[in-house]
file entry17.cif (mmCIF, C-alpha atoms and all ligand atoms)
data_coords
#
loop_
_atom_site.label_atom_id
_atom_site.label_comp_id
_atom_site.auth_asym_id
_atom_site.auth_seq_id
_atom_site.Cartn_x
_atom_site.Cartn_y
_atom_site.Cartn_z
CA MET I 1 -31.62 1.50 14.46
CA LEU I 2 -33.32 -1.73 15.41
CA LEU I 3 -30.69 -3.02 17.81
CA ALA I 4 -28.64 -1.16 20.37
CA PRO I 5 -25.08 -1.67 19.20
CA ASP I 6 -22.12 -1.97 21.57
CA THR I 7 -19.68 -0.11 19.41
CA PRO I 8 -19.80 2.29 16.49
CA ARG I 9 -18.24 -0.44 14.34
CA GLN I 10 -20.95 -2.87 15.26
CA SER I 11 -23.50 -0.20 14.61
CA ARG I 12 -22.10 0.29 11.12
CA ARG I 13 -22.11 -3.44 10.46
CA ILE I 14 -25.67 -3.85 11.62
CA TRP I 15 -26.73 -0.91 9.55
CA LEU I 16 -24.98 -2.35 6.49
CA GLN I 17 -26.60 -5.72 7.00
CA GLN I 18 -29.99 -4.10 7.36
CA ALA I 19 -29.32 -2.03 4.31
CA ALA I 20 -28.35 -5.18 2.44
CA GLY I 21 -31.67 -6.73 3.45
CA LEU I 22 -30.14 -9.54 5.50
CA SER I 23 -32.40 -11.33 7.95
CA ALA I 24 -32.34 -10.59 11.68
CA LEU I 25 -31.13 -14.15 12.20
CA SER I 26 -27.81 -13.42 10.52
CA LEU I 27 -27.21 -10.65 13.04
CA ILE I 28 -26.96 -13.10 15.89
CA SER I 29 -25.47 -16.12 14.12
CA PRO I 30 -21.93 -17.22 15.10
CA TRP I 31 -20.86 -16.39 11.56
CA ALA I 32 -22.08 -12.82 11.93
CA ARG I 33 -20.37 -12.47 15.29
CA ALA I 34 -17.10 -13.79 13.88
CA THR I 35 -17.09 -11.00 11.33
CA ALA I 36 -16.74 -8.38 14.09
CA SER I 37 -13.00 -9.03 14.33
CA SER I 38 -10.83 -7.59 11.60
CA SER I 39 -8.31 -9.88 10.00
CA GLN I 40 -7.97 -8.11 6.70
CA ALA I 41 -6.74 -4.78 5.53
CA LEU I 42 -7.23 -2.46 2.60
CA ILE I 43 -3.90 -1.37 1.09
CA LEU I 44 -4.01 1.79 -1.02
CA CYS I 45 -1.42 2.56 -3.70
CA TYR I 46 -0.81 6.17 -4.76
CA HIS I 47 1.76 7.60 -7.18
CA ARG I 48 1.61 11.34 -7.96
CA PHE I 49 -0.31 14.38 -6.75
CA ALA I 50 -1.05 17.65 -8.59
CA ASP I 51 -3.61 20.40 -9.22
CA THR I 52 -4.60 18.80 -12.50
CA VAL I 53 -4.53 15.27 -13.89
CA ALA I 54 -1.34 15.18 -15.94
CA ASP I 55 -1.36 11.39 -16.41
CA SER I 56 -3.25 8.30 -15.34
CA MET I 57 -1.27 7.92 -12.12
CA THR I 58 -1.92 11.46 -10.85
CA VAL I 59 -4.50 12.14 -8.17
CA ARG I 60 -5.64 15.78 -7.95
CA LYS I 61 -5.27 17.65 -4.68
CA THR I 62 -9.04 18.10 -4.47
CA THR I 63 -9.56 14.35 -4.91
CA PHE I 64 -6.89 13.57 -2.32
CA THR I 65 -8.55 15.97 0.12
CA ASP I 66 -11.76 13.97 -0.40
CA HIS I 67 -9.83 10.74 0.17
CA ILE I 68 -8.43 12.03 3.48
CA LYS I 69 -11.95 12.98 4.54
CA ALA I 70 -13.36 9.60 3.44
CA ILE I 71 -10.69 7.65 5.34
CA THR I 72 -11.19 9.77 8.46
CA GLU I 73 -14.99 9.62 8.41
CA SER I 74 -15.09 5.89 7.63
CA GLY I 75 -13.64 5.10 11.03
CA ALA I 76 -10.65 3.43 9.36
CA HIS I 77 -7.43 2.95 11.30
CA VAL I 78 -4.41 3.72 9.16
CA ILE I 79 -1.73 1.26 10.28
CA PRO I 80 1.93 0.86 9.28
CA LEU I 81 2.61 -1.79 6.63
CA ALA I 82 4.89 -3.41 9.23
CA ASP I 83 1.86 -4.08 11.46
CA LEU I 84 0.00 -5.85 8.68
CA VAL I 85 3.07 -7.96 7.89
CA ALA I 86 3.59 -8.75 11.59
CA PHE I 87 -0.07 -9.77 11.84
CA ARG I 88 0.29 -12.05 8.82
CA GLN I 89 3.42 -13.56 10.37
CA GLY I 90 1.54 -14.24 13.61
CA LYS I 91 3.71 -11.79 15.54
CA LEU I 92 0.83 -9.38 16.09
CA LYS I 93 -2.38 -10.77 17.58
CA GLN I 94 -4.90 -8.57 15.87
CA LEU I 95 -5.45 -5.62 13.60
CA PRO I 96 -7.57 -2.66 14.58
CA PRO I 97 -11.01 -2.55 12.97
CA ARG I 98 -11.01 -1.23 9.41
CA ALA I 99 -7.26 -1.40 8.97
CA VAL I 100 -6.03 0.68 6.03
CA VAL I 101 -2.41 0.80 4.81
CA ILE I 102 -1.21 3.74 2.69
CA THR I 103 1.61 3.26 0.18
CA VAL I 104 3.04 5.63 -2.43
CA ASP I 105 5.20 4.32 -5.29
CA ASP I 106 8.03 5.81 -7.38
CA GLY I 107 9.36 8.70 -5.26
CA HIS I 108 7.86 11.48 -7.37
CA ARG I 109 8.58 15.05 -6.23
CA SER I 110 4.89 15.69 -5.63
CA VAL I 111 5.10 13.31 -2.66
CA ILE I 112 7.07 15.85 -0.66
CA GLU I 113 5.78 18.97 -2.40
CA VAL I 114 2.06 18.23 -2.52
CA MET I 115 1.11 15.16 -0.49
CA ALA I 116 3.28 15.51 2.61
CA PRO I 117 1.81 18.87 3.74
CA MET I 118 -1.70 17.49 3.19
CA VAL I 119 -1.24 14.45 5.45
CA ARG I 120 1.08 15.99 8.04
CA GLN I 121 -1.65 16.58 10.61
CA THR I 122 -3.16 13.12 10.25
CA ARG I 123 0.13 11.53 11.42
CA TRP I 124 -0.85 8.50 9.31
CA PRO I 125 2.06 6.11 8.74
CA ILE I 126 2.95 6.00 5.04
CA THR I 127 5.23 3.60 3.18
CA LEU I 128 7.13 4.97 0.18
CA PHE I 129 8.32 2.44 -2.43
CA ILE I 130 11.43 3.85 -4.06
CA TYR I 131 13.62 2.76 -6.99
CA PRO I 132 17.00 4.27 -6.13
CA SER I 133 18.24 4.85 -9.71
CA ALA I 134 15.82 7.80 -10.03
CA ILE I 135 16.60 9.49 -6.72
CA SER I 136 18.77 12.62 -7.02
CA ASN I 137 18.90 11.79 -10.72
CA ALA I 138 15.61 12.02 -12.63
CA SER I 139 14.04 15.51 -12.73
CA TYR I 140 10.64 14.20 -11.63
CA ALA I 141 12.00 12.34 -8.64
CA MET I 142 12.83 13.38 -5.09
CA ARG I 143 16.41 13.75 -3.91
CA TRP I 144 18.02 11.68 -1.14
CA GLU I 145 17.73 14.65 1.21
CA HIS I 146 13.98 14.76 0.58
CA LEU I 147 13.64 11.12 1.56
CA GLN I 148 15.77 11.71 4.65
CA GLN I 149 13.61 14.71 5.53
CA LEU I 150 10.44 12.65 5.20
CA GLN I 151 11.88 9.74 7.18
CA ALA I 152 12.96 12.13 9.96
CA THR I 153 9.32 13.12 10.56
CA GLY I 154 8.66 9.57 11.76
CA GLN I 155 5.62 9.40 9.49
CA TYR I 156 7.35 7.79 6.51
CA ASN I 157 8.99 4.45 5.94
CA ILE I 158 11.15 3.94 2.84
CA GLN I 159 11.05 0.55 1.10
CA SER I 160 12.13 -1.05 -2.19
CA HIS I 161 10.59 -0.81 -5.65
CA THR I 162 13.60 -2.60 -7.28
CA TYR I 163 16.67 -0.69 -8.47
CA TRP I 164 15.42 0.80 -11.72
CA HIS I 165 11.79 -0.28 -12.05
CA PRO I 166 11.92 -2.90 -14.83
CA ASN I 167 8.94 -4.99 -15.87
CA LEU I 168 10.42 -8.22 -14.55
CA VAL I 169 7.91 -10.50 -16.27
CA LYS I 170 8.75 -8.95 -19.64
CA GLU I 171 12.49 -9.11 -18.91
CA ARG I 172 12.22 -12.82 -18.13
CA LYS I 173 10.87 -13.43 -21.64
CA GLN I 174 13.68 -11.46 -23.26
CA GLN I 175 16.67 -12.89 -21.39
CA SER I 176 18.20 -16.31 -20.99
CA PRO I 177 17.34 -18.00 -17.68
CA ALA I 178 20.86 -17.43 -16.32
CA GLU I 179 20.92 -13.79 -17.46
CA PHE I 180 17.51 -13.13 -15.97
CA GLU I 181 18.41 -14.74 -12.66
CA ARG I 182 21.41 -12.38 -12.36
CA PHE I 183 19.46 -9.37 -13.55
CA ALA I 184 16.43 -9.83 -11.28
CA ARG I 185 18.50 -10.72 -8.20
CA ASN I 186 20.58 -7.62 -8.78
CA GLN I 187 17.43 -5.46 -8.98
CA LEU I 188 16.19 -6.81 -5.66
CA LYS I 189 19.56 -6.89 -3.92
CA ARG I 190 20.97 -3.56 -5.07
CA SER I 191 17.82 -1.60 -4.27
CA LYS I 192 17.71 -3.04 -0.75
CA ALA I 193 21.42 -2.39 -0.16
CA VAL I 194 21.38 1.19 -1.47
CA LEU I 195 18.22 2.14 0.44
CA GLU I 196 19.53 0.60 3.66
CA GLN I 197 22.82 2.41 3.26
CA ARG I 198 21.25 5.78 2.34
CA MET I 199 18.40 5.69 4.85
CA GLY I 200 20.08 3.77 7.67
CA LYS I 201 17.04 1.54 8.24
CA PRO I 202 16.20 -2.05 7.32
CA VAL I 203 14.40 -2.58 4.02
CA SER I 204 12.08 -5.58 4.29
CA TYR I 205 9.31 -4.90 1.79
CA LEU I 206 9.15 -4.75 -1.97
CA ALA I 207 6.59 -3.37 -4.41
CA TRP I 208 6.64 -5.14 -7.78
CA PRO I 209 7.17 -2.59 -10.59
CA PHE I 210 3.95 -2.30 -12.65
CA GLY I 211 2.53 -4.89 -10.25
CA MET I 212 4.24 -7.56 -12.41
CA PHE I 213 5.60 -10.76 -10.83
CA ASP I 214 5.49 -14.54 -11.12
CA GLU I 215 6.05 -17.55 -8.87
CA GLY I 216 9.80 -17.58 -9.46
CA LEU I 217 10.09 -13.90 -8.61
CA MET I 218 8.06 -14.39 -5.43
CA GLU I 219 10.52 -17.06 -4.31
CA MET I 220 13.45 -14.87 -5.28
CA ALA I 221 12.11 -11.91 -3.26
CA ALA I 222 11.73 -14.11 -0.19
CA SER I 223 15.25 -15.49 -0.64
CA GLU I 224 16.65 -11.95 -0.94
CA GLY I 225 15.27 -11.11 2.49
CA TYR I 226 11.98 -9.43 1.64
CA GLN I 227 9.38 -10.37 4.24
CA ALA I 228 6.55 -9.19 2.01
CA SER I 229 6.03 -7.97 -1.55
CA LEU I 230 3.15 -5.87 -2.77
CA ALA I 231 1.24 -6.21 -6.00
CA LEU I 232 -1.59 -4.30 -7.64
CA GLU I 233 -4.98 -5.92 -7.43
CA ASN I 234 -8.11 -4.03 -6.57
CA LYS I 235 -9.23 -6.01 -3.54
CA ALA I 236 -8.75 -6.10 0.20
CA CYS I 237 -5.77 -8.04 1.56
CA THR I 238 -6.92 -11.22 3.28
CA ALA I 239 -5.26 -14.13 5.05
CA SER I 240 -5.27 -16.15 1.82
CA ASP I 241 -3.11 -13.67 -0.10
CA PRO I 242 0.52 -14.80 -0.44
CA MET I 243 3.13 -12.79 1.47
CA GLN I 244 5.02 -12.04 -1.73
CA ALA I 245 1.95 -10.70 -3.54
CA LEU I 246 -0.20 -8.70 -1.16
CA PRO I 247 -2.89 -6.91 -3.17
CA ARG I 248 -3.09 -3.13 -3.28
CA HIS I 249 -5.92 -0.98 -4.57
CA LEU I 250 -4.66 1.46 -7.22
CA MET I 251 -5.74 5.00 -6.39
CA VAL I 252 -6.58 7.05 -9.49
CA ASP I 253 -8.26 10.43 -9.80
CA ALA I 254 -11.49 8.94 -11.16
CA LEU I 255 -11.88 7.14 -7.84
CA GLY I 256 -13.40 9.94 -5.76
CA GLY I 257 -13.94 10.28 -2.03
CA GLN I 258 -17.37 8.68 -2.14
CA ARG I 259 -16.06 5.65 -4.02
CA LEU I 260 -13.17 5.25 -1.58
CA ARG I 261 -15.64 5.38 1.30
CA GLN I 262 -17.66 2.62 -0.40
CA LEU I 263 -14.49 0.57 -0.87
CA ILE I 264 -13.65 0.83 2.83
CA ASP I 265 -17.22 0.05 3.87
CA SER I 266 -17.48 -2.97 1.58
CA ALA I 267 -14.01 -4.29 2.44
CA PHE I 268 -14.98 -4.55 6.08
CA SER I 269 -18.73 -5.17 5.95
CA THR I 270 -18.30 -8.92 5.64
CA GLY I 271 -15.34 -9.10 8.00
CA ALA I 272 -13.18 -12.19 7.34
ZN ZN L 301 6.23 2.10 -9.84
#
call {"tool": "encode", "arguments": {"input": "entry17.cif", "output": "structure tokens", "more": "lines below"}}
Ligand SMILES: [Zn+2]
result
Amino acid sequence: MLLAPDTPRQSRRIWLQQAAGLSALSLISPWARATASSSQALILCYHRFADTVADSMTVRKTTFTDHIKAITESGAHVIPLADLVAFRQGKLKQLPPRAVVITVDDGHRSVIEVMAPMVRQTRWPITLFIYPSAISNASYAMRWEHLQQLQATGQYNIQSHTYWHPNLVKERKQQSPAEFERFARNQLKRSKAVLEQRMGKPVSYLAWPFGMFDEGLMEMAASEGYQASLALENKACTASDPMQALPRHLMVDALGGQRLRQLIDSAFSTGA
């Protein structure tokens, strides 16, 4: 270590800059100093968990164990999605360094059967995006009592993934404008209403099914009372990302612990 750092975070940054071969000048420039504050977050998107990879959206338990270790050892702070939204709305002054948000889509049974016991001790806040038509209905999905059980732990927050998970961009092409307007509004409205009624908590966030959305849908989500909507785009979430399309990094089994650690390190090495 060439310089005595004030904080472990600074130490990491300096080390990264040295590793990247940056000049000593950049370490003391105003630009470099500005990067010490964290104004972005890395949002992770999981789906299913199992012993083996049954499909492209399944992360194996061994991989997820490596992810937990990578997040912990990276010095990341796992924050509630609500904090990131509040920060973006100017209601929260700052984010902790290396802010990571964890989300899990679709309400698969493996969320309560496999994932929940693995993250219980971390106490990390986790947002579940649920499409209510599957709950207590589809064999692969959780039941309402499972969601209530998870919510009661205080660790989980239940939010909307539309009512039955349509590809809204595809539907727009197949329906008349008036039909689509009714259909899409119903998907956004009904999901929010059912989840609020079942869970007894406000639903303010939406995850676009398949990560598919367009400008019109973004406006519609805002008008239906969603403060933020989440997309799928493998990048960190910065101040320039629109509130109705916050990017999330898709977590797949091929992305191991080491790769996740690199993602966290690179997302925060340049600050912003
Ligand atoms: Zn989904």
call {"tool": "atom_distance", "arguments": {"input": "entry17.cif", "atom1": "atom CA of Ser38 of chain I", "atom2": "atom CA of Pro97 of chain I"}}
result
5.2 Å
call {"tool": "closest_atom_pairs", "arguments": {"input": "entry17.cif", "of": "segment 76-149 of chain I", "to": "segment 251-257 of chain I", "cutoff": "12 Å", "atoms": "only C-alpha atoms", "output": "tab-separated table"}}
result
residue	atom	partner	partner_atom	distance
I:Ile102	CA	I:Met251	CA	10.2
I:Thr103	CA	I:Met251	CA	10.0
I:Val104	CA	I:Met251	CA	9.7
I:Asp105	CA	I:Met251	CA	11.0
call {"tool": "residues_near_ligand", "arguments": {"input": "entry17.cif", "ligand": "ligand ZN 301 (chain L)", "cutoff": "6 Å", "atoms": "all atoms listed in the file", "output": "list in words"}}
result
Asp105, Asp106, Pro209 and Phe210 of chain I
call {"tool": "closest_residue", "arguments": {"input": "entry17.cif", "among": "I:Arg190, I:Arg259, I:Arg248, I:His146", "to": "Gly107 of chain I", "atoms": "only C-alpha atoms"}}
result
I:His146
call {"tool": "atom_distance", "arguments": {"input": "entry17.cif", "atom1": "atom CA of Val53 of chain I", "atom2": "atom CA of Ile71 of chain I"}}
result
21.6 Å
call {"tool": "atom_distance", "arguments": {"input": "entry17.cif", "atom1": "atom CA of Ala99 of chain I", "atom2": "atom CA of Ile79 of chain I"}}
result
6.3 Å
call {"tool": "closest_residue", "arguments": {"input": "entry17.cif", "among": "I:Ser39, I:Asn234, I:Gln148, I:Ser191", "to": "Ala134 of chain I", "atoms": "only C-alpha atoms"}}
result
I:Ser191
call {"tool": "closest_residue", "arguments": {"input": "entry17.cif", "among": "I:Ile135, I:Ile126, I:Ile68, I:Ala184", "to": "Phe213 of chain I", "atoms": "only C-alpha atoms"}}
result
I:Ala184
